[in-house]
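Raw data.txt, compact mmCIF, C-alpha atoms and all ligand atoms:
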# COMPACT_ATOMS: atom_id res chain seq x y z
CA MET X 26 139.06 -58.54 62.02
CA LYS X 27 136.50 -55.90 62.57
CA ASP X 28 133.37 -57.76 63.54
CA PHE X 29 133.19 -60.69 65.98
CA ARG X 30 130.69 -62.34 63.67
CA GLU X 31 133.48 -63.00 61.19
CA TRP X 32 134.72 -65.70 63.60
CA LEU X 33 131.51 -67.68 63.06
CA ARG X 34 131.19 -70.49 60.55
CA GLU X 35 128.38 -69.10 58.46
CA ASP X 36 128.01 -72.42 56.67
CA ARG X 37 127.04 -74.09 59.96
CA MET X 38 124.33 -71.61 60.91
CA PRO X 39 121.68 -71.71 62.22
CA HIS X 40 123.07 -73.73 65.11
CA ILE X 41 121.24 -76.61 66.79
CA TYR X 42 120.49 -74.84 70.08
CA CYS X 43 116.86 -74.61 71.17
CA THR X 44 114.90 -71.37 70.95
CA GLY X 45 116.27 -68.93 73.50
CA CYS X 46 119.16 -71.15 74.69
CA GLY X 47 121.71 -68.94 76.46
CA ASN X 48 124.70 -70.69 74.92
CA GLY X 49 124.44 -68.60 71.74
CA THR X 50 124.79 -65.41 73.78
CA VAL X 51 127.93 -66.70 75.50
CA ILE X 52 129.45 -67.54 72.10
CA ASN X 53 128.77 -63.94 71.00
CA CYS X 54 130.39 -62.45 74.10
CA THR X 55 133.42 -64.75 73.97
CA LEU X 56 134.04 -64.12 70.27
CA ASN X 57 133.62 -60.40 70.81
CA ALA X 58 136.30 -60.50 73.52
CA VAL X 59 138.63 -62.64 71.39
CA ASN X 60 138.13 -60.25 68.49
CA GLN X 61 138.91 -57.24 70.68
CA MET X 62 142.22 -58.89 71.62
CA GLY X 63 143.23 -58.58 67.98
CA TRP X 64 144.08 -62.28 67.82
CA GLU X 65 144.18 -64.17 64.54
CA PRO X 66 142.12 -67.32 63.98
CA GLU X 67 145.34 -69.14 63.00
CA ASN X 68 146.77 -68.65 66.51
CA THR X 69 143.59 -69.33 68.45
CA VAL X 70 142.18 -72.72 69.44
CA PHE X 71 138.81 -73.55 71.00
CA ILE X 72 138.50 -76.77 72.97
CA SER X 73 135.45 -78.42 74.51
CA GLY X 74 134.12 -81.64 76.00
CA ILE X 75 130.60 -82.98 75.48
CA GLY X 76 127.28 -81.24 76.04
CA CYS X 77 125.18 -78.58 74.33
CA SER X 78 127.65 -75.95 75.57
CA SER X 79 130.54 -78.02 74.27
CA ARG X 80 129.23 -77.83 70.71
CA ALA X 81 130.27 -74.18 70.57
CA PRO X 82 133.74 -74.66 68.95
CA GLY X 83 132.05 -76.34 65.99
CA TYR X 84 130.54 -73.00 65.02
CA ILE X 85 133.86 -71.15 65.04
CA ILE X 86 136.28 -70.86 62.12
CA THR X 87 139.46 -71.61 64.10
CA ASP X 88 141.01 -75.00 64.70
CA SER X 89 139.23 -76.75 67.52
CA LEU X 90 139.04 -79.96 69.51
CA HIS X 91 135.63 -81.36 70.46
CA THR X 92 136.86 -84.00 72.87
CA THR X 93 135.31 -86.55 75.24
CA HIS X 94 133.00 -85.75 78.13
CA GLY X 95 134.79 -83.90 80.92
CA ARG X 96 138.20 -83.91 79.22
CA ALA X 97 138.35 -80.50 77.59
CA ILE X 98 140.85 -79.22 80.15
CA PRO X 99 143.30 -82.16 79.81
CA PHE X 100 143.29 -81.74 76.02
CA ALA X 101 143.70 -77.98 76.39
CA THR X 102 146.58 -78.54 78.82
CA GLY X 103 148.30 -80.69 76.23
CA VAL X 104 147.86 -78.11 73.49
CA LYS X 105 149.03 -75.28 75.72
CA LEU X 106 152.10 -77.08 77.03
CA CYS X 107 153.39 -78.06 73.60
CA ARG X 108 152.42 -74.82 71.92
CA PRO X 109 152.45 -72.01 74.52
CA ASP X 110 152.29 -69.52 71.65
CA LEU X 111 148.69 -70.49 70.89
CA HIS X 112 145.73 -68.81 72.57
CA VAL X 113 143.61 -71.57 74.07
CA VAL X 114 139.99 -71.07 75.08
CA VAL X 115 137.89 -73.84 76.63
CA PHE X 116 134.09 -73.99 76.33
CA THR X 117 132.45 -76.26 78.85
CA GLY X 118 129.21 -76.91 80.73
CA ASP X 119 128.45 -77.37 84.40
CA GLY X 120 128.21 -81.14 83.93
CA ASP X 121 131.27 -81.41 81.75
CA LEU X 122 133.36 -79.23 84.06
CA ALA X 123 132.13 -79.99 87.56
CA ALA X 124 130.78 -83.56 87.44
CA ILE X 125 132.85 -85.89 85.23
CA GLY X 126 135.61 -83.29 84.77
CA GLY X 127 135.70 -81.99 88.33
CA ASN X 128 139.19 -83.17 89.18
CA HIS X 129 140.69 -81.82 85.96
CA PHE X 130 139.11 -78.47 86.75
CA ILE X 131 140.52 -78.02 90.24
CA HIS X 132 143.97 -79.23 89.25
CA ALA X 133 144.12 -76.93 86.23
CA CYS X 134 143.30 -74.07 88.62
CA ARG X 135 145.96 -75.27 91.04
CA ARG X 136 148.58 -75.53 88.31
CA ASN X 137 147.33 -72.26 86.90
CA ILE X 138 147.70 -73.34 83.29
CA ASP X 139 147.43 -70.41 80.89
CA LEU X 140 143.92 -71.16 79.61
CA THR X 141 140.67 -69.25 79.56
CA VAL X 142 137.82 -71.52 80.61
CA VAL X 143 134.30 -70.31 79.84
CA CYS X 144 131.65 -72.42 81.56
CA MET X 145 128.04 -72.15 80.46
CA ASN X 146 126.32 -73.05 83.70
CA ASN X 147 122.67 -73.92 83.04
CA TYR X 148 122.33 -75.94 86.32
CA ILE X 149 121.54 -79.08 84.39
CA TYR X 150 122.67 -81.73 81.89
CA GLY X 151 120.99 -80.06 78.92
CA MET X 152 122.06 -82.37 76.14
CA THR X 153 120.91 -85.63 77.69
CA GLY X 154 117.46 -84.40 78.69
CA GLY X 155 117.69 -82.37 81.87
CA GLN X 156 119.26 -84.57 84.55
CA GLY X 157 120.52 -82.89 87.71
CA SER X 158 124.14 -81.73 87.74
CA PRO X 159 126.47 -80.71 90.60
CA CYS X 160 125.12 -77.19 90.02
CA THR X 161 121.40 -77.92 90.28
CA PRO X 162 120.06 -75.59 93.00
CA LEU X 163 118.42 -76.91 96.15
CA GLY X 164 114.76 -77.61 95.54
CA ALA X 165 115.02 -77.48 91.74
CA ILE X 166 113.19 -80.06 89.63
CA SER X 167 115.16 -82.08 87.09
CA THR X 168 114.53 -85.52 85.61
CA THR X 169 116.74 -87.08 88.30
CA THR X 170 115.40 -84.88 91.12
CA PRO X 171 111.64 -85.11 90.49
CA TYR X 172 110.81 -84.15 94.09
CA GLY X 173 113.27 -81.28 94.20
CA CYS X 174 117.05 -81.42 94.48
CA ASP X 175 118.15 -82.04 98.05
CA GLU X 176 121.92 -81.75 97.57
CA ALA X 177 123.71 -78.42 97.88
CA PRO X 178 125.20 -77.23 94.58
CA PHE X 179 128.78 -76.27 93.80
CA ASP X 180 129.58 -72.57 93.57
CA LEU X 181 131.91 -72.86 90.56
CA ALA X 182 133.43 -69.39 90.79
CA SER X 183 134.29 -69.85 94.47
CA LEU X 184 135.65 -73.31 93.73
CA ALA X 185 138.01 -71.93 91.06
CA THR X 186 139.07 -69.14 93.41
CA ALA X 187 139.82 -71.58 96.22
CA ALA X 188 141.70 -73.89 93.87
CA GLY X 189 144.06 -71.11 92.77
CA ALA X 190 142.96 -69.68 89.40
CA ASN X 191 144.50 -66.29 88.61
CA TYR X 192 141.29 -64.71 87.33
CA VAL X 193 137.68 -65.60 88.18
CA SER X 194 134.43 -63.86 87.27
CA ARG X 195 130.76 -64.71 87.12
CA TRP X 196 128.10 -63.05 85.00
CA THR X 197 124.87 -64.12 83.31
CA SER X 198 123.57 -64.13 79.76
CA TYR X 199 121.65 -60.95 80.63
CA HIS X 200 124.92 -59.09 81.33
CA VAL X 201 126.34 -59.17 77.81
CA LYS X 202 128.67 -56.17 78.14
CA GLU X 203 130.03 -57.24 81.52
CA LEU X 204 130.46 -60.82 80.34
CA THR X 205 132.40 -59.67 77.29
CA ARG X 206 134.65 -57.52 79.48
CA ALA X 207 135.19 -60.41 81.90
CA VAL X 208 136.18 -62.81 79.12
CA LYS X 209 138.58 -60.19 77.77
CA ALA X 210 140.12 -59.72 81.22
CA GLY X 211 140.48 -63.50 81.38
CA LEU X 212 142.19 -63.64 78.00
CA GLU X 213 144.61 -60.94 79.12
CA THR X 214 145.53 -62.62 82.41
CA PRO X 215 148.40 -65.14 82.39
CA GLY X 216 147.46 -68.36 84.16
CA LEU X 217 144.07 -69.97 84.44
CA SER X 218 141.10 -67.66 83.94
CA PHE X 219 137.68 -68.96 84.77
CA ILE X 220 134.52 -67.23 83.61
CA GLU X 221 131.25 -68.67 84.83
CA ALA X 222 128.40 -67.63 82.55
CA MET X 223 125.01 -68.44 84.06
CA VAL X 224 122.73 -69.32 81.16
CA GLN X 225 119.17 -70.37 80.55
CA CYS X 226 118.25 -73.84 79.35
CA PRO X 227 114.55 -73.31 78.69
CA THR X 228 114.12 -76.90 77.47
CA GLY X 229 115.76 -78.87 80.27
CA TYR X 230 115.43 -76.53 83.23
CA GLY X 231 113.06 -73.60 82.73
CA ARG X 232 109.88 -75.38 81.86
CA ARG X 233 110.22 -77.72 84.85
CA ASN X 234 110.90 -74.87 87.24
CA LYS X 235 108.12 -72.37 86.65
CA LEU X 236 110.15 -70.35 84.17
CA ARG X 237 108.20 -70.97 81.00
CA ASP X 238 110.48 -69.41 78.43
CA ALA X 239 113.89 -67.88 77.82
CA ARG X 240 112.70 -64.35 78.49
CA LEU X 241 111.42 -65.26 81.96
CA MET X 242 114.65 -67.10 82.73
CA VAL X 243 116.80 -64.14 81.72
CA GLN X 244 114.60 -61.81 83.74
CA TRP X 245 114.99 -64.16 86.69
CA MET X 246 118.79 -64.03 86.41
CA ARG X 247 118.71 -60.26 86.06
CA ASP X 248 116.58 -59.92 89.20
CA HIS X 249 118.44 -62.48 91.32
CA SER X 250 122.02 -61.43 90.65
CA VAL X 251 123.68 -59.03 93.08
CA LEU X 252 126.77 -57.02 92.18
CA MET X 253 129.86 -58.27 94.00
CA LYS X 254 130.46 -54.94 95.75
CA LYS X 255 126.98 -54.95 97.24
CA TRP X 256 127.23 -58.65 98.13
CA LYS X 257 130.50 -58.08 100.02
CA GLN X 258 129.02 -55.07 101.77
CA MET X 259 126.07 -57.15 102.96
CA GLU X 260 128.50 -59.80 104.13
CA ALA X 261 130.65 -57.25 105.99
CA GLU X 262 127.63 -55.76 107.69
CA GLY X 263 126.56 -59.21 108.81
CA ARG X 264 123.30 -58.91 106.93
CA PRO X 265 121.70 -62.21 105.95
CA LEU X 266 122.61 -63.12 102.36
CA PRO X 267 119.42 -63.88 100.41
CA GLU X 268 119.30 -67.60 99.61
CA ASP X 269 117.73 -67.20 96.18
CA LYS X 270 120.29 -64.62 95.03
CA PHE X 271 123.87 -64.93 93.85
CA PRO X 272 126.80 -62.52 93.45
CA VAL X 273 128.05 -61.51 89.99
CA GLY X 274 131.29 -59.76 89.17
CA GLU X 275 134.98 -60.36 89.70
CA PHE X 276 135.91 -62.96 92.33
CA VAL X 277 139.67 -62.72 92.05
CA ARG X 278 142.51 -61.29 89.98
CA ARG X 279 146.02 -62.21 91.10
CA HIS X 280 149.45 -63.33 89.98
CA ARG X 281 150.23 -66.78 91.33
CA PRO X 282 152.92 -68.65 89.38
CA ALA X 283 151.46 -69.99 86.14
CA MET X 284 152.24 -72.73 83.59
CA GLY X 285 152.20 -72.58 79.80
CA VAL X 286 152.65 -68.82 79.62
CA PRO X 287 154.49 -67.94 76.39
CA GLU X 288 157.95 -66.42 76.88
CA GLU X 289 158.16 -62.77 75.95
CA MET W 20 122.71 -47.98 58.92
CA LYS W 21 119.60 -50.08 58.94
CA LEU W 22 118.67 -52.63 61.63
CA ILE W 23 117.51 -56.00 60.36
CA ILE W 24 116.50 -59.40 61.74
CA ASP W 25 117.67 -62.31 59.60
CA GLU W 26 114.54 -64.45 59.31
CA THR W 27 116.52 -67.51 58.29
CA ARG W 28 118.17 -67.49 61.74
CA CYS W 29 115.69 -65.98 64.21
CA LYS W 30 113.96 -68.60 66.38
CA GLY W 31 111.56 -66.15 68.01
CA CYS W 32 112.89 -66.24 71.57
CA ASN W 33 112.05 -62.56 72.13
CA LEU W 34 115.19 -61.84 74.17
CA CYS W 35 115.73 -58.78 71.97
CA THR W 36 112.37 -57.39 73.14
CA LEU W 37 113.69 -57.55 76.70
CA VAL W 38 116.87 -55.55 76.28
CA CYS W 39 116.39 -52.71 73.79
CA PRO W 40 116.24 -49.42 75.71
CA TYR W 41 113.93 -47.97 73.02
CA LYS W 42 111.67 -51.03 72.82
CA ILE W 43 112.30 -51.19 69.09
CA PHE W 44 111.74 -54.96 69.09
CA GLN W 45 108.11 -55.82 69.67
CA GLU W 46 106.75 -59.31 70.03
CA GLY W 47 105.47 -60.45 66.63
CA THR W 48 102.06 -61.94 65.99
CA LYS W 49 102.29 -63.86 62.73
CA PRO W 50 104.33 -67.01 62.21
CA ASN W 51 106.57 -66.94 59.12
CA HIS W 52 106.98 -69.83 56.64
CA LYS W 53 109.10 -71.70 59.20
CA GLY W 54 106.47 -71.26 61.91
CA VAL W 55 108.67 -68.81 63.81
CA VAL W 56 107.06 -65.66 65.19
CA VAL W 57 109.79 -63.13 64.45
CA PRO W 58 109.65 -59.85 66.41
CA VAL W 59 108.60 -56.74 64.51
CA LEU W 60 110.59 -53.51 64.52
CA ASP W 61 108.97 -50.35 65.80
CA ARG W 62 110.59 -47.29 64.20
CA PRO W 63 114.07 -48.89 63.99
CA GLU W 64 115.59 -45.61 62.83
CA ARG W 65 115.65 -44.64 66.53
CA CYS W 66 118.35 -47.26 67.21
CA THR W 67 121.51 -45.72 68.67
CA ASN W 68 123.73 -47.83 66.48
CA CYS W 69 121.78 -47.03 63.30
CA ARG W 70 122.36 -43.36 63.96
CA LEU W 71 125.91 -43.32 65.28
CA GLN W 72 127.95 -46.32 64.12
CA LYS W 73 129.30 -44.53 61.06
CA LEU W 74 130.18 -41.44 63.08
CA TYR W 75 132.05 -43.29 65.84
CA GLY W 76 133.41 -46.10 63.68
CA ARG W 77 132.32 -48.81 66.13
CA VAL W 78 129.15 -50.52 67.34
CA LEU W 79 127.26 -48.45 69.90
CA CYS W 80 124.82 -50.04 72.34
CA GLY W 81 124.49 -53.27 70.36
CA VAL W 82 123.05 -55.24 73.28
CA CYS W 83 120.34 -56.73 71.07
CA GLN W 84 122.96 -58.18 68.75
CA MET W 85 124.99 -59.52 71.67
CA ILE W 86 122.11 -61.19 73.48
CA CYS W 87 120.53 -62.65 70.33
CA PRO W 88 121.45 -66.33 70.79
CA ASP W 89 120.91 -67.01 67.09
CA GLN W 90 123.12 -64.29 65.62
CA ALA W 91 120.08 -62.98 63.74
CA ILE W 92 120.43 -59.24 64.40
CA THR W 93 122.62 -57.07 62.26
CA TRP W 94 122.93 -53.71 60.55
CA VAL W 95 123.24 -53.17 56.85
CA ASP W 96 124.31 -50.14 54.90
CA GLU W 97 121.52 -48.09 53.48
CA ASP W 98 121.69 -46.63 50.01
CA PRO W 99 124.18 -43.80 50.15
CA TYR W 100 121.57 -41.39 48.94
CA SER W 101 117.90 -42.12 49.22
CA PRO W 102 115.77 -39.04 48.78
CA GLU W 103 113.06 -38.71 51.38
CA LYS W 104 109.69 -37.48 50.36
CA VAL W 105 108.92 -34.53 52.57
CA VAL W 106 105.34 -33.48 52.89
CA VAL W 107 105.07 -29.82 53.72
CA GLU W 108 101.87 -28.97 55.45
CA GLU W 109 100.22 -25.79 54.26
C1 LIG S 1 131.79 -90.62 79.39
C2 LIG S 1 130.45 -90.07 79.13
N1 LIG S 1 129.51 -90.12 80.10
C3 LIG S 1 128.28 -89.62 79.90
C4 LIG S 1 127.95 -89.06 78.70
C5 LIG S 1 126.58 -88.53 78.46
N2 LIG S 1 126.49 -87.08 78.48
C6 LIG S 1 126.53 -86.36 77.35
S1 LIG S 1 126.39 -84.71 77.61
C7 LIG S 1 126.27 -84.96 79.28
C8 LIG S 1 126.06 -83.83 80.25
C9 LIG S 1 126.29 -82.48 79.69
O1 LIG S 1 126.04 -81.52 80.66
P1 LIG S 1 126.74 -80.13 80.61
O2 LIG S 1 128.20 -80.29 80.55
O3 LIG S 1 126.20 -79.31 81.72
O4 LIG S 1 126.31 -79.54 79.18
P2 LIG S 1 124.94 -78.87 78.70
O5 LIG S 1 124.34 -79.83 77.72
O6 LIG S 1 124.08 -78.62 79.88
O7 LIG S 1 125.38 -77.60 78.06
C10 LIG S 1 126.34 -86.30 79.61
C11 LIG S 1 126.22 -86.85 80.97
C12 LIG S 1 128.96 -89.02 77.69
N3 LIG S 1 128.73 -88.44 76.50
N4 LIG S 1 130.18 -89.53 77.93
S1 LIG S 2 118.70 -78.52 75.77
FE1 LIG S 2 119.07 -76.65 76.94
S2 LIG S 2 121.28 -76.30 76.80
FE2 LIG S 2 120.73 -77.75 75.17
S3 LIG S 2 120.36 -76.49 73.36
FE3 LIG S 2 118.38 -76.81 74.36
S4 LIG S 2 118.14 -75.03 75.70
FE4 LIG S 2 120.31 -75.14 75.14
S1 LIG S 3 121.55 -51.46 69.27
FE1 LIG S 3 120.55 -50.84 71.19
S2 LIG S 3 119.14 -49.22 70.59
FE2 LIG S 3 119.70 -50.29 68.71
S3 LIG S 3 118.09 -51.81 68.46
FE3 LIG S 3 119.78 -52.79 69.55
S4 LIG S 3 119.25 -52.60 71.71
FE4 LIG S 3 117.96 -51.13 70.57
S1 LIG S 4 116.83 -62.36 70.12
FE1 LIG S 4 117.33 -63.01 68.02
S2 LIG S 4 116.44 -65.05 67.81
FE2 LIG S 4 115.49 -64.10 69.60
S3 LIG S 4 113.64 -63.15 68.79
FE3 LIG S 4 115.22 -61.57 68.78
S4 LIG S 4 116.09 -61.69 66.71
FE4 LIG S 4 114.94 -63.58 67.03
MG MG S 5 124.73 -77.93 81.75
Mind turning this structure into structure tokens?
Ligand SMILES: Cc1ncc(C[n+]2csc(CCOP(=O)(O)OP(=O)(O)O)c2C)c(N)n1
Ligand code: SF4
Ligand code: SF4
Ligand code: SF4
Ligand SMILES: [Mg+2]
Amino acid sequence: MKDFREWLREDRMPHIYCTGCGNGTVINCTLNAVNQMGWEPENTVFISGIGCSSRAPGYIITDSLHTTHGRAIPFATGVKLCRPDLHVVVFTGDGDLAAIGGNHFIHACRRNIDLTVVCMNNYIYGMTGGQGSPCTPLGAISTTTPYGCDEAPFDLASLATAAGANYVSRWTSYHVKELTRAVKAGLETPGLSFIEAMVQCPTGYGRRNKLRDARLMVQWMRDHSVLMKKWKQMEAEGRPLPEDKFPVGEFVRRHRPAMGVPEE
Amino acid sequence: MKLIIDETRCKGCNLCTLVCPYKIFQEGTKPNHKGVVVPVLDRPERCTNCRLQKLYGRVLCGVCQMICPDQAITWVDEDPYSPEKVVVEE
């Protein structure tokens, strides 16, 4: 196919996401990467759990599984192990992946199952009205942390790296070209590839945290992300790492033994 | 090629106004029949992709289309030949 938009189910558009929700951007970048791989919809499967982010496969023309909350990876593991010839992409959210599905996530990384997992991290449970998730930043207001979150969040990309995934990257919905390239690199890498896409949830997060609309949230991500090379340099020089900033780029690319890789 | 915003999809988030290097997307002022304030295009013929997609055979720049969360931005073919009225100043 020539255009990534041909992977979209036109009959289901417009989608249900709120104005300015970053999930739509991540769908664009992922489909663009899949399209660049030259894959056919017949051989590609999208799998998700529950959440706003997890509704993504419903807008794509391929076969898909919209499963139960937190269980996208177990379903994807099943598909991949019986049909290694299929390309399996998982869409998930920070709640789906790191809260209820946390154990599945780390063990899939450990086993290095040949999946590409794209997590739309909006720091919150978007779908259910903005409750705090394991990724809610310190001090952030959510419906379950009305006085500011006082638990430290997970760093999903570092978690996947520590747990053994073969490829890990983090970008934001501002970095559309880089995010597309990262997803493509993930699709090309045998073993588990994890792409953390930081996204804005203007409805559940932004308006409670002094970021009134999507544009302000995207500007915030643009201004608070630091390229990995610079981040590592600051670390090496022993400079204090700014608490309100986060590194973006490639965390790891390696060749640990993997499962579910199709035989050549 | 001609740049267009599909009004049936645009939700007026204005992310396109943030990313275009030429500032072709400008915040709109009037709500449409759905109550959405769709951005307006300022001289869209300046768009890199409008000018060069045919020549290179692929999308160039295209960041507005990629960031648009509602898949509302696209390019359509223009009439193969549309005569321009040229006013020659005396
Ligand atoms: C077993 C189970 N527990 C709880 C819920 C309620 N629930 C639905 S979506 C969701 C959180 C979604 O958060 P996330 O994965 O971050 O997705 P987002 O909506 O933010 O994209 C929860 C707790 C559920 N559907 N099933
Ligand atoms: S609630 Fe948040 S995550 Fe869900 S569609 Fe709206 S903006 Fe997107
Ligand atoms: S393709 Fe680039 S130059 Fe053209 S309108 Fe979009 S952002 Fe602007
Ligand atoms: S990014 Fe898309 S949905 Fe948002 S204002 Fe621009 S055209 Fe409309
Ligand atoms: Mg979430």
Shortest contact to ligand LIG 2 (chain S), candidates W:Asp61, W:Asp89, W:Asp96, W:Glu26, atoms counted all atoms listed in the file, goes to W:Asp89
As a PyMOL selection string, please: the residues near Gln45 in chain W (cut-off 8 Å, all atoms listed in the file, same-chain neighbours under 2 positions excluded). chain W and resi 36+42-43+47+58-61
With all atoms listed in the file counted, collect every polymer residue having an atom within 10 Å of ligand LIG 1 (chain S); state the result as a ChimeraX atom specification. /X:42,46-48,73-81,92-96,116-126,144-161,224-226,229-230
Residues within 6 Å of ligand LIG 4 (chain S) should be enumerated using all atoms listed in the file and returned as a PyMOL selection string. chain W and resi 24+29-35+57-58+87-89+91-92
Restricting it to C-alpha atoms, dump the selection as a PDB file, in the frame of the given file.
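Result went into part13.pdb, see below:
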ATOM      1  CA  ILE W  24     116.500 -59.400  61.740  1.00  0.00           C
ATOM      2  CA  CYS W  29     115.690 -65.980  64.210  1.00  0.00           C
ATOM      3  CA  LYS W  30     113.960 -68.600  66.380  1.00  0.00           C
ATOM      4  CA  GLY W  31     111.560 -66.150  68.010  1.00  0.00           C
ATOM      5  CA  CYS W  32     112.890 -66.240  71.570  1.00  0.00           C
ATOM      6  CA  ASN W  33     112.050 -62.560  72.130  1.00  0.00           C
ATOM      7  CA  LEU W  34     115.190 -61.840  74.170  1.00  0.00           C
ATOM      8  CA  CYS W  35     115.730 -58.780  71.970  1.00  0.00           C
ATOM      9  CA  VAL W  57     109.790 -63.130  64.450  1.00  0.00           C
ATOM     10  CA  PRO W  58     109.650 -59.850  66.410  1.00  0.00           C
ATOM     11  CA  CYS W  87     120.530 -62.650  70.330  1.00  0.00           C
ATOM     12  CA  PRO W  88     121.450 -66.330  70.790  1.00  0.00           C
ATOM     13  CA  ASP W  89     120.910 -67.010  67.090  1.00  0.00           C
ATOM     14  CA  ALA W  91     120.080 -62.980  63.740  1.00  0.00           C
ATOM     15  CA  ILE W  92     120.430 -59.240  64.400  1.00  0.00           C
TER      16      ILE W  92
END
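The space between CA of Lys21 in chain W and CA of Val38 in chain W spans 18.4 Å.
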In Å, rounded to a single decimal, give me how far CA of Leu56 in chain X is from CA of Gly103 in chain X. 22.7 Å
Please identify all polymer residues within 8 Å of Ile23 in chain W, counting all atoms listed in the file, omitting same-chain residues fewer than 4 positions from it, and present them as a VMD selection string. chain W and resid 92 to 95
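For the atom pair formed by CA of Asn57 in chain X and CA of Tyr199 in chain X, the distance is 15.5 Å, given to one decimal.
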Local residues around (112.1, -76.8, 90.4), at most 8 Å away, using only C-alpha atoms, as a PyMOL selection string: chain X and resi 164-167+173-174+230+233-235
Hey, list the chain X side of the contact with chain W: 12 Å cut-off, all atoms listed in the file, answer as JSON, numbers by chain. {"X": [27, 28, 29, 30, 31, 32, 33, 34, 35, 37, 38, 39, 40, 41, 42, 43, 44, 45, 46, 47, 48, 49, 50, 51, 52, 53, 54, 55, 56, 57, 58, 61, 81, 84, 197, 198, 199, 200, 201, 202, 203, 204, 205, 224, 225, 226, 227, 237, 238, 239, 240, 241, 242, 243, 244, 247]}
Which residue out of X:Pro171, X:Pro265, X:Gly285, X:Gly231 has the minimum interatomic distance to ligand LIG 2 (chain S) when all atoms listed in the file are used?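 The closest residue to ligand LIG 2 (chain S) is X:Gly231.
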Polymer residues at most 12 Å from Leu212 in chain X, only C-alpha atoms, same-chain spacing of 4 or more positions, as JSON, numbers by chain: {"X": [55, 56, 57, 58, 59, 60, 61, 62, 63, 64, 69, 111, 112, 113, 114, 115, 139, 140, 141, 142, 143, 191, 192, 193, 205, 206, 207, 208, 216, 217, 218, 219, 220, 286]}
